[in-house]
file target-v4.tsv (TSV, C-alpha atoms)
chain	number	residue	atom	x	y	z
A	1	MET	CA	180.19	82.28	-16.23
A	2	ALA	CA	181.63	85.18	-14.23
A	3	ASP	CA	185.08	84.87	-12.76
A	4	SER	CA	184.76	84.68	-8.96
A	5	ARG	CA	188.47	85.09	-8.26
A	6	LEU	CA	189.57	88.27	-6.55
A	7	ARG	CA	191.83	90.15	-8.92
A	8	SER	CA	194.45	92.75	-8.00
A	9	ARG	CA	194.31	95.80	-10.30
A	10	TRP	CA	195.90	99.24	-10.62
A	11	VAL	CA	194.70	102.51	-12.10
A	12	LEU	CA	196.17	106.02	-12.29
A	13	ALA	CA	193.42	108.21	-10.85
A	14	ASN	CA	194.13	111.89	-11.41
A	15	GLY	CA	197.83	111.19	-10.89
A	16	VAL	CA	197.39	108.91	-7.86
A	17	ARG	CA	198.62	105.33	-8.31
A	18	THR	CA	195.60	103.52	-6.96
A	19	HIS	CA	195.16	99.85	-6.17
A	20	TYR	CA	191.78	98.14	-6.31
A	21	THR	CA	190.41	94.63	-6.05
A	22	GLU	CA	187.91	93.36	-8.60
A	23	SER	CA	185.62	90.34	-8.85
A	24	GLY	CA	182.96	89.17	-11.24
A	25	GLY	CA	182.54	89.96	-14.88
A	26	GLY	CA	179.91	91.48	-17.12
A	27	GLY	CA	177.09	92.08	-14.65
A	28	PRO	CA	175.96	95.39	-13.12
A	29	VAL	CA	178.78	97.35	-11.52
A	30	LEU	CA	178.98	97.68	-7.75
A	31	VAL	CA	181.67	99.93	-6.24
A	32	ALA	CA	182.52	98.84	-2.67
A	33	LEU	CA	184.21	101.16	-0.17
A	34	HIS	CA	186.13	99.94	2.88
A	35	GLY	CA	186.12	101.51	6.33
A	36	GLY	CA	188.68	103.72	7.99
A	37	GLY	CA	190.66	101.44	10.32
A	38	ALA	CA	194.44	101.33	9.93
A	39	GLY	CA	195.55	98.96	7.17
A	40	SER	CA	192.09	98.65	5.69
A	41	SER	CA	191.66	98.01	1.97
A	42	GLY	CA	189.10	96.95	-0.58
A	43	LEU	CA	190.20	93.34	-0.20
A	44	ALA	CA	190.36	93.32	3.61
A	45	GLY	CA	187.03	95.07	4.05
A	46	MET	CA	184.99	93.66	1.19
A	47	GLY	CA	186.69	90.42	0.05
A	48	ALA	CA	184.21	87.94	1.54
A	49	ALA	CA	181.22	89.73	0.02
A	50	MET	CA	182.99	90.22	-3.32
A	51	GLU	CA	183.54	86.49	-3.73
A	52	ARG	CA	179.85	85.83	-3.18
A	53	LEU	CA	178.62	88.64	-5.44
A	54	ALA	CA	180.89	87.75	-8.35
A	55	GLY	CA	178.37	85.53	-10.09
A	56	GLU	CA	176.03	88.40	-10.89
A	57	PHE	CA	178.01	91.62	-10.53
A	58	ARG	CA	181.29	93.27	-11.39
A	59	VAL	CA	182.51	94.46	-8.01
A	60	ILE	CA	185.27	97.07	-7.73
A	61	ALA	CA	186.77	97.85	-4.31
A	62	PRO	CA	189.38	100.66	-4.34
A	63	ASP	CA	192.02	101.17	-1.67
A	64	SER	CA	191.49	104.75	-0.55
A	65	ILE	CA	194.06	107.48	-0.14
A	66	GLY	CA	194.99	108.08	3.48
A	67	GLY	CA	197.49	105.24	3.86
A	68	PHE	CA	195.11	102.40	3.02
A	69	GLY	CA	195.83	99.15	1.18
A	70	LEU	CA	198.42	99.51	-1.57
A	71	THR	CA	197.38	102.92	-2.90
A	72	ASP	CA	200.10	105.61	-2.95
A	73	PRO	CA	200.51	106.57	0.74
A	74	TYR	CA	201.98	109.92	-0.21
A	75	ALA	CA	198.86	111.12	-2.02
A	76	PRO	CA	197.56	114.15	-0.08
A	77	ALA	CA	194.17	114.17	1.64
A	78	PRO	CA	194.02	117.74	2.96
A	79	TYR	CA	190.24	117.79	3.41
A	80	GLY	CA	189.86	114.46	5.16
A	81	LEU	CA	186.77	112.52	4.11
A	82	ILE	CA	186.06	115.08	1.41
A	83	SER	CA	189.41	114.13	-0.12
A	84	ARG	CA	188.46	110.44	0.11
A	85	THR	CA	185.31	111.18	-1.87
A	86	GLN	CA	187.25	113.14	-4.49
A	87	HIS	CA	189.66	110.24	-4.88
A	88	LEU	CA	186.67	107.93	-5.39
A	89	ALA	CA	185.38	110.26	-8.09
A	90	ASP	CA	188.78	110.18	-9.78
A	91	VAL	CA	188.89	106.37	-9.63
A	92	VAL	CA	185.47	105.78	-11.17
A	93	ASP	CA	186.23	108.33	-13.88
A	94	ALA	CA	189.55	106.66	-14.66
A	95	LEU	CA	187.74	103.32	-14.93
A	96	CYS	CA	185.11	104.91	-17.21
A	97	LEU	CA	182.21	103.91	-14.96
A	98	ASP	CA	179.07	105.81	-15.89
A	99	ARG	CA	176.21	104.34	-13.84
A	100	PHE	CA	176.74	101.99	-10.92
A	101	SER	CA	175.52	101.03	-7.47
A	102	ILE	CA	177.61	101.80	-4.42
A	103	LEU	CA	178.32	99.99	-1.15
A	104	GLY	CA	180.15	101.43	1.83
A	105	ASN	CA	181.00	100.31	5.36
A	106	SER	CA	181.67	102.68	8.25
A	107	GLN	CA	183.78	105.62	6.99
A	108	GLY	CA	183.29	104.19	3.49
A	109	ALA	CA	179.52	104.50	3.94
A	110	TRP	CA	179.91	108.24	4.50
A	111	CYS	CA	182.02	108.48	1.34
A	112	ALA	CA	179.42	106.48	-0.61
A	113	ALA	CA	176.62	108.79	0.52
A	114	HIS	CA	178.69	111.91	-0.09
A	115	TYR	CA	179.54	110.79	-3.61
A	116	ALA	CA	175.86	110.09	-4.26
A	117	MET	CA	175.00	113.61	-3.18
A	118	LEU	CA	177.57	115.10	-5.56
A	119	TYR	CA	176.73	112.83	-8.51
A	120	PRO	CA	173.18	111.52	-7.94
A	121	ARG	CA	172.56	110.68	-11.60
A	122	ARG	CA	175.45	108.22	-11.61
A	123	ILE	CA	174.21	106.11	-8.68
A	124	GLU	CA	171.59	103.44	-9.27
A	125	LYS	CA	171.23	102.09	-5.73
A	126	MET	CA	173.08	102.54	-2.45
A	127	VAL	CA	173.95	100.09	0.33
A	128	LEU	CA	175.27	101.52	3.60
A	129	VAL	CA	176.72	99.40	6.41
A	130	SER	CA	177.17	100.22	10.12
A	131	SER	CA	178.50	103.78	10.15
A	132	LEU	CA	179.29	105.89	13.19
A	133	THR	CA	180.72	108.43	10.74
A	134	ILE	CA	177.26	108.91	9.24
A	135	GLY	CA	175.82	109.07	12.75
A	136	ASN	CA	178.21	111.89	13.67
A	137	ALA	CA	177.40	113.65	10.39
A	138	MET	CA	173.72	113.54	11.35
A	139	GLY	CA	174.35	115.08	14.75
A	140	ILE	CA	174.30	111.83	16.73
A	141	SER	CA	176.92	111.47	19.44
A	142	GLN	CA	178.06	108.21	20.95
A	143	ALA	CA	179.94	107.67	24.20
A	144	PRO	CA	183.48	106.31	23.83
A	145	ASN	CA	183.79	102.54	24.13
A	146	ALA	CA	186.50	99.89	24.14
A	147	ALA	CA	186.19	99.18	20.42
A	148	MET	CA	186.65	102.86	19.56
A	149	LYS	CA	189.72	102.90	21.81
A	150	ALA	CA	191.16	99.87	20.00
A	151	LEU	CA	190.76	101.52	16.60
A	152	GLY	CA	192.12	104.86	17.74
A	153	GLY	CA	194.96	103.25	19.66
A	154	TYR	CA	196.68	101.53	16.78
A	155	ASP	CA	200.39	102.16	17.33
A	156	GLY	CA	201.98	100.26	14.46
A	157	THR	CA	202.42	96.95	16.29
A	158	ARG	CA	200.99	93.63	15.18
A	159	GLU	CA	199.28	93.11	18.53
A	160	ALA	CA	197.52	96.47	18.16
A	161	MET	CA	196.35	95.35	14.71
A	162	ARG	CA	194.90	92.19	16.24
A	163	ARG	CA	193.04	94.27	18.84
A	164	LEU	CA	191.76	96.58	16.09
A	165	LEU	CA	190.35	93.67	14.09
A	166	GLU	CA	188.78	92.12	17.19
A	167	ALA	CA	186.94	95.42	17.66
A	168	LEU	CA	185.50	95.21	14.15
A	169	ILE	CA	184.79	91.51	13.63
A	170	ILE	CA	182.79	89.38	16.06
A	171	ASP	CA	183.57	86.02	14.43
A	172	LYS	CA	187.15	85.47	15.59
A	173	ALA	CA	187.58	82.62	13.07
A	174	ARG	CA	187.58	85.28	10.34
A	175	ILE	CA	190.50	87.11	11.94
A	176	THR	CA	193.13	84.93	10.33
A	177	GLU	CA	196.88	85.33	10.67
A	178	THR	CA	196.93	86.13	6.95
A	179	LEU	CA	194.43	88.96	7.42
A	180	ILE	CA	196.44	90.36	10.33
A	181	ASP	CA	199.67	90.15	8.34
A	182	GLU	CA	198.18	91.78	5.23
A	183	ARG	CA	196.66	94.69	7.14
A	184	GLN	CA	199.78	95.10	9.25
A	185	ALA	CA	201.94	95.23	6.13
A	186	ALA	CA	199.67	97.82	4.54
A	187	ALA	CA	199.55	99.95	7.67
A	188	THR	CA	203.31	99.97	8.25
A	189	ARG	CA	204.71	100.34	4.73
A	190	PRO	CA	206.74	103.53	4.24
A	191	GLY	CA	204.56	106.61	4.53
A	192	ALA	CA	201.34	104.80	5.42
A	193	LEU	CA	201.10	105.40	9.14
A	194	GLU	CA	201.93	109.09	8.77
A	195	SER	CA	199.34	109.38	6.00
A	196	PHE	CA	196.74	107.63	8.15
A	197	GLN	CA	197.44	109.97	11.07
A	198	ASN	CA	197.30	113.03	8.81
A	199	LEU	CA	193.96	111.87	7.42
A	200	ALA	CA	192.54	111.63	10.94
A	201	LYS	CA	193.75	115.16	11.70
A	202	ALA	CA	192.24	116.47	8.44
A	203	ILE	CA	188.90	114.80	9.20
A	204	ALA	CA	188.79	116.47	12.62
A	205	ALA	CA	189.82	119.84	11.17
A	206	ALA	CA	187.13	119.70	8.47
A	207	ARG	CA	184.45	119.10	11.11
A	208	GLU	CA	185.57	122.22	12.97
A	209	ASP	CA	186.08	124.45	9.94
A	210	PRO	CA	183.11	126.86	9.60
A	211	ILE	CA	182.91	126.26	5.84
A	212	LEU	CA	184.03	122.66	5.41
A	213	ARG	CA	181.74	121.34	8.12
A	214	TYR	CA	178.74	122.11	5.91
A	215	ARG	CA	180.20	119.71	3.34
A	216	THR	CA	180.48	116.93	5.91
A	217	ASP	CA	177.11	117.45	7.61
A	218	MET	CA	174.33	115.07	6.49
A	219	LYS	CA	171.39	116.00	8.73
A	220	GLU	CA	169.40	117.41	5.82
A	221	SER	CA	171.18	116.04	2.76
A	222	LEU	CA	171.06	112.31	3.51
A	223	PRO	CA	167.29	112.17	4.08
A	224	LEU	CA	166.85	114.09	0.81
A	225	ILE	CA	169.17	111.97	-1.33
A	226	THR	CA	167.63	108.73	-0.06
A	227	LYS	CA	164.28	109.91	-1.37
A	228	GLN	CA	165.81	109.89	-4.85
A	229	ILE	CA	168.22	106.95	-4.70
A	230	PRO	CA	166.93	103.59	-3.42
A	231	THR	CA	168.95	102.88	-0.28
A	232	ILE	CA	169.22	100.23	2.40
A	233	PHE	CA	171.24	100.13	5.62
A	234	LEU	CA	172.77	97.00	7.16
A	235	TRP	CA	173.74	97.12	10.82
A	236	GLY	CA	175.19	94.39	13.05
A	237	ASP	CA	173.00	93.85	16.09
A	238	SER	CA	176.18	93.07	18.07
A	239	ASP	CA	178.31	95.94	16.75
A	240	PRO	CA	180.67	96.95	19.60
A	241	PHE	CA	182.01	100.01	17.75
A	242	ALA	CA	179.03	101.76	16.17
A	243	VAL	CA	176.56	100.45	18.71
A	244	PRO	CA	173.02	99.45	17.64
A	245	GLU	CA	171.49	102.38	19.53
A	246	THR	CA	173.34	104.74	17.17
A	247	GLY	CA	171.87	102.85	14.21
A	248	ARG	CA	168.39	103.07	15.73
A	249	GLN	CA	168.73	106.83	15.99
A	250	ILE	CA	169.83	107.07	12.35
A	251	GLU	CA	166.93	104.83	11.33
A	252	LYS	CA	164.45	107.35	12.78
A	253	LEU	CA	165.99	110.10	10.64
A	254	LEU	CA	165.86	108.15	7.36
A	255	PRO	CA	162.22	107.21	6.75
A	256	ASP	CA	162.88	106.15	3.14
A	257	VAL	CA	165.69	103.72	4.04
A	258	LYS	CA	165.01	100.11	5.04
A	259	PHE	CA	167.29	98.96	7.86
A	260	HIS	CA	168.38	95.33	8.08
A	261	TRP	CA	169.54	94.28	11.54
A	262	VAL	CA	171.88	91.34	11.05
A	263	PRO	CA	171.99	88.94	14.02
A	264	GLY	CA	175.40	88.13	15.44
A	265	ALA	CA	177.26	90.64	13.27
A	266	GLY	CA	179.74	93.23	14.44
A	267	HIS	CA	180.93	96.39	12.72
A	268	GLN	CA	182.04	94.65	9.52
A	269	VAL	CA	178.68	93.03	8.89
A	270	GLN	CA	179.78	91.84	5.44
A	271	THR	CA	182.75	90.02	7.00
A	272	ASP	CA	181.03	88.52	10.05
A	273	LYS	CA	177.94	87.36	8.17
A	274	PRO	CA	178.83	87.35	4.45
A	275	ASP	CA	176.14	84.90	3.35
A	276	GLU	CA	173.35	86.76	5.15
A	277	SER	CA	174.66	90.16	4.04
A	278	VAL	CA	175.07	89.18	0.40
A	279	LYS	CA	171.57	87.71	0.30
A	280	ILE	CA	170.16	91.07	1.42
A	281	ILE	CA	172.40	93.03	-0.95
A	282	ARG	CA	171.72	90.80	-3.95
A	283	GLU	CA	167.94	90.90	-3.50
A	284	PHE	CA	168.01	94.66	-3.15
A	285	LEU	CA	170.24	95.35	-6.14
A	286	LEU	CA	168.47	92.91	-8.46
A	287	GLY	CA	164.96	93.68	-7.24
call {"tool": "encode", "arguments": {"input": "target-v4.tsv", "output": "structure tokens"}}
result
Amino acid sequence: MADSRLRSRWVLANGVRTHYTESGGGGPVLVALHGGGAGSSGLAGMGAAMERLAGEFRVIAPDSIGGFGLTDPYAPAPYGLISRTQHLADVVDALCLDRFSILGNSQGAWCAAHYAMLYPRRIEKMVLVSSLTIGNAMGISQAPNAAMKALGGYDGTREAMRRLLEALIIDKARITETLIDERQAAATRPGALESFQNLAKAIAAAREDPILRYRTDMKESLPLITKQIPTIFLWGDSDPFAVPETGRQIEKLLPDVKFHWVPGAGHQVQTDKPDESVKIIREFLLG
């Protein structure tokens, strides 16, 4: 029987001391990528789903470069999200993963899709979750809202972390003091906040760079790759950050992707509604 406990692990990925959380045992491998909010990590973003998937899968959730989780906060990310994808490539190579499925939420969804475009023969299936980053990459703009302000306004204080989490998770019972403390500790450890801020600047710069922006644009590439790799999209029907209308616009552009609108879920669908989300994910991956 697979081990359902969440296990803390480390790997040296192309010289970067990288932390990841693992669950499950000998089943198919699923790599799970967290979003881009301050203090995020594989455990914070994917823990609830990992516990529920452990019976049938080996789930690996890395903490990205950019000041996230426990991964080396001093690791450079000069090309923003492109650097996040390269770090992912280094992690899966260091772990000797050949073929696997991939799951990503928000900014992590963009990284999942970008990795799939670079290495399509290594990805079996892809699960994307509520992603304004993908919306922007497909030319969809969204008016600023209070949740976006809460994420962008993190100033290093614990109260700001609470506001950030309340912008991501609808079910306030899941915003525990432990979760707040863990994310706050990750976000404020030496070097992390500066790294997080530098990542945001690099992301913005890459979108404006006349060459790099073609590597972040997904208007043509995502519809093409989802014709080759079976893909689904989960979106919270109550998402206050990446609002449902943004998801509906993306849905029109991805005719080969089935969208699952999860009732009562916010931006972290897998955290708000883990049982419902995992049921969808499990049926898709094992189908």
call {"tool": "closest_residue", "arguments": {"input": "target-v4.tsv", "among": "A:Ile281, A:Val91, A:Ala112, A:Leu33", "to": "Gly45 in chain A", "atoms": "only C-alpha atoms"}}
result
A:Leu33
call {"tool": "atom_distance", "arguments": {"input": "target-v4.tsv", "atom1": "CA of Arg282 in chain A", "atom2": "CA of Asn105 in chain A"}}
result
16.2 Å
call {"tool": "closest_atom_pairs", "arguments": {"input": "target-v4.tsv", "of": "range 9-82 of chain A", "to": "range 213-225 of chain A", "cutoff": "12 Å", "atoms": "all atoms listed in the file", "output": "tab-separated table"}}
result
residue	atom	partner	partner_atom	distance
A:Tyr79	CA	A:Thr216	CA	10.1
A:Gly80	CA	A:Thr216	CA	9.7
A:Leu81	CA	A:Thr216	CA	7.9
A:Ile82	CA	A:Thr216	CA	7.4
call {"tool": "residues_around", "arguments": {"input": "target-v4.tsv", "residues": "Lys172 in chain A", "least_positions_apart": "6", "cutoff": "10 Å", "atoms": "all atoms listed in the file", "output": "PyMOL selection string"}}
result
chain A and resi 165-166+272
call {"tool": "closest_residue", "arguments": {"input": "target-v4.tsv", "among": "A:Asp237, A:Glu251, A:Asp155, A:Glu276", "to": "Ile134 in chain A", "atoms": "all atoms listed in the file"}}
result
A:Glu251
call {"tool": "closest_residue", "arguments": {"input": "target-v4.tsv", "among": "A:Ile169, A:Ile232, A:Ala192, A:Ala146", "to": "Gln270 in chain A", "atoms": "all atoms listed in the file"}}
result
A:Ile169
call {"tool": "axis_aligned_box", "arguments": {"input": "target-v4.tsv", "around": "range 65-70 of chain A", "padding_each_side": "4 Å", "output": "JSON"}}
result
{"center_x": 196.2, "center_y": 103.6, "center_z": 1.1, "size_x": 12.4, "size_y": 16.9, "size_z": 13.4}
call {"tool": "closest_residue", "arguments": {"input": "target-v4.tsv", "among": "A:Asn136, A:Thr246, A:Ser238, A:Thr176", "to": "Ala204 in chain A", "atoms": "all atoms listed in the file"}}
result
A:Asn136
call {"tool": "residues_around", "arguments": {"input": "target-v4.tsv", "residues": "Glu22 in chain A", "least_positions_apart": "4", "cutoff": "12 Å", "atoms": "only C-alpha atoms", "output": "PyMOL selection string"}}
result
chain A and resi 2-11+26+29-32+42-43+46-47+49-51+53-54+57-63+95
call {"tool": "write_last_selection", "arguments": {"input": "target-v4.tsv", "atoms": "C-alpha atoms", "output": "compact mmCIF listing (two decimals), in the frame of the given file"}}
result
# COMPACT_ATOMS: atom_id res chain seq x y z
CA ALA A 2 181.63 85.18 -14.23
CA ASP A 3 185.08 84.87 -12.76
CA SER A 4 184.76 84.68 -8.96
CA ARG A 5 188.47 85.09 -8.26
CA LEU A 6 189.57 88.27 -6.55
CA ARG A 7 191.83 90.15 -8.92
CA SER A 8 194.45 92.75 -8.00
CA ARG A 9 194.31 95.80 -10.30
CA TRP A 10 195.90 99.24 -10.62
CA VAL A 11 194.70 102.51 -12.10
CA GLY A 26 179.91 91.48 -17.12
CA VAL A 29 178.78 97.35 -11.52
CA LEU A 30 178.98 97.68 -7.75
CA VAL A 31 181.67 99.93 -6.24
CA ALA A 32 182.52 98.84 -2.67
CA GLY A 42 189.10 96.95 -0.58
CA LEU A 43 190.20 93.34 -0.20
CA MET A 46 184.99 93.66 1.19
CA GLY A 47 186.69 90.42 0.05
CA ALA A 49 181.22 89.73 0.02
CA MET A 50 182.99 90.22 -3.32
CA GLU A 51 183.54 86.49 -3.73
CA LEU A 53 178.62 88.64 -5.44
CA ALA A 54 180.89 87.75 -8.35
CA PHE A 57 178.01 91.62 -10.53
CA ARG A 58 181.29 93.27 -11.39
CA VAL A 59 182.51 94.46 -8.01
CA ILE A 60 185.27 97.07 -7.73
CA ALA A 61 186.77 97.85 -4.31
CA PRO A 62 189.38 100.66 -4.34
CA ASP A 63 192.02 101.17 -1.67
CA LEU A 95 187.74 103.32 -14.93
call {"tool": "residues_near_point", "arguments": {"input": "target-v4.tsv", "point": "(173.2, 87.9, 18.9)", "cutoff": "12 Å", "atoms": "all atoms listed in the file", "output": "list of chain:residue names"}}
result
A:Ile170, A:Asp171, A:Gly236, A:Asp237, A:Ser238, A:Asp239, A:Pro240, A:Pro244, A:Trp261, A:Val262, A:Pro263, A:Gly264, A:Ala265, A:Gly266, A:Asp272, A:Lys273
call {"tool": "closest_residue", "arguments": {"input": "target-v4.tsv", "among": "A:Ile229, A:Cys96, A:Ala242, A:Ala200", "to": "Ile123 in chain A", "atoms": "all atoms listed in the file"}}
result
A:Ile229
call {"tool": "residues_around", "arguments": {"input": "target-v4.tsv", "residues": "Ala75 in chain A", "least_positions_apart": "5", "cutoff": "10 Å", "atoms": "only C-alpha atoms", "output": "MDAnalysis selection string"}}
result
chainID A and resid 15:18 64:67 87 191 195
call {"tool": "build_atoms", "arguments": {"input": "target-v4.tsv", "residues": "range 160-182 of chain A", "atoms": "N, CA and C atoms", "output": "short mmCIF file (atom, residue, chain, number, x, y, z; two decimals), keeping the file's coordinate frame"}}
result
data_model
loop_
_atom_site.label_atom_id
_atom_site.label_comp_id
_atom_site.auth_asym_id
_atom_site.auth_seq_id
_atom_site.Cartn_x
_atom_site.Cartn_y
_atom_site.Cartn_z
N ALA A 160 198.53 95.41 18.25
CA ALA A 160 197.52 96.47 18.16
C ALA A 160 196.62 96.23 16.96
N MET A 161 197.17 95.69 15.87
CA MET A 161 196.35 95.35 14.71
C MET A 161 195.35 94.25 15.05
N ARG A 162 195.81 93.26 15.82
CA ARG A 162 194.90 92.19 16.24
C ARG A 162 193.75 92.78 17.07
N ARG A 163 194.08 93.66 18.00
CA ARG A 163 193.04 94.27 18.84
C ARG A 163 192.07 95.08 17.99
N LEU A 164 192.60 95.79 16.99
CA LEU A 164 191.76 96.58 16.09
C LEU A 164 190.77 95.68 15.37
N LEU A 165 191.23 94.57 14.83
CA LEU A 165 190.35 93.67 14.09
C LEU A 165 189.32 93.01 15.01
N GLU A 166 189.72 92.71 16.23
CA GLU A 166 188.78 92.12 17.19
C GLU A 166 187.69 93.11 17.58
N ALA A 167 187.96 94.41 17.40
CA ALA A 167 186.94 95.42 17.66
C ALA A 167 185.96 95.56 16.51
N LEU A 168 186.35 95.07 15.33
CA LEU A 168 185.50 95.21 14.15
C LEU A 168 184.73 93.94 13.80
N ILE A 169 185.32 92.79 14.10
CA ILE A 169 184.79 91.51 13.63
C ILE A 169 184.47 90.63 14.83
N ILE A 170 183.22 90.21 14.95
CA ILE A 170 182.79 89.38 16.06
C ILE A 170 183.29 87.95 15.90
N ASP A 171 183.18 87.40 14.70
CA ASP A 171 183.57 86.02 14.43
C ASP A 171 185.09 85.93 14.38
N LYS A 172 185.69 85.49 15.48
CA LYS A 172 187.15 85.47 15.59
C LYS A 172 187.79 84.52 14.58
N ALA A 173 187.03 83.54 14.07
CA ALA A 173 187.58 82.62 13.07
C ALA A 173 187.92 83.35 11.78
N ARG A 174 187.31 84.50 11.55
CA ARG A 174 187.58 85.28 10.34
C ARG A 174 188.78 86.20 10.49
N ILE A 175 189.30 86.31 11.71
CA ILE A 175 190.50 87.11 11.94
C ILE A 175 191.70 86.17 11.81
N THR A 176 192.05 85.87 10.59
CA THR A 176 193.13 84.93 10.33
C THR A 176 194.49 85.60 10.47
N GLU A 177 195.52 84.79 10.62
CA GLU A 177 196.88 85.33 10.67
C GLU A 177 197.23 86.02 9.35
N THR A 178 196.69 85.49 8.25
CA THR A 178 196.93 86.13 6.95
C THR A 178 196.33 87.52 6.91
N LEU A 179 195.09 87.65 7.40
CA LEU A 179 194.43 88.96 7.42
C LEU A 179 195.23 89.94 8.28
N ILE A 180 195.65 89.49 9.45
CA ILE A 180 196.44 90.36 10.33
C ILE A 180 197.73 90.79 9.63
N ASP A 181 198.40 89.83 9.01
CA ASP A 181 199.67 90.15 8.34
C ASP A 181 199.47 91.12 7.18
N GLU A 182 198.43 90.92 6.38
CA GLU A 182 198.18 91.78 5.23
C GLU A 182 197.86 93.21 5.67
#
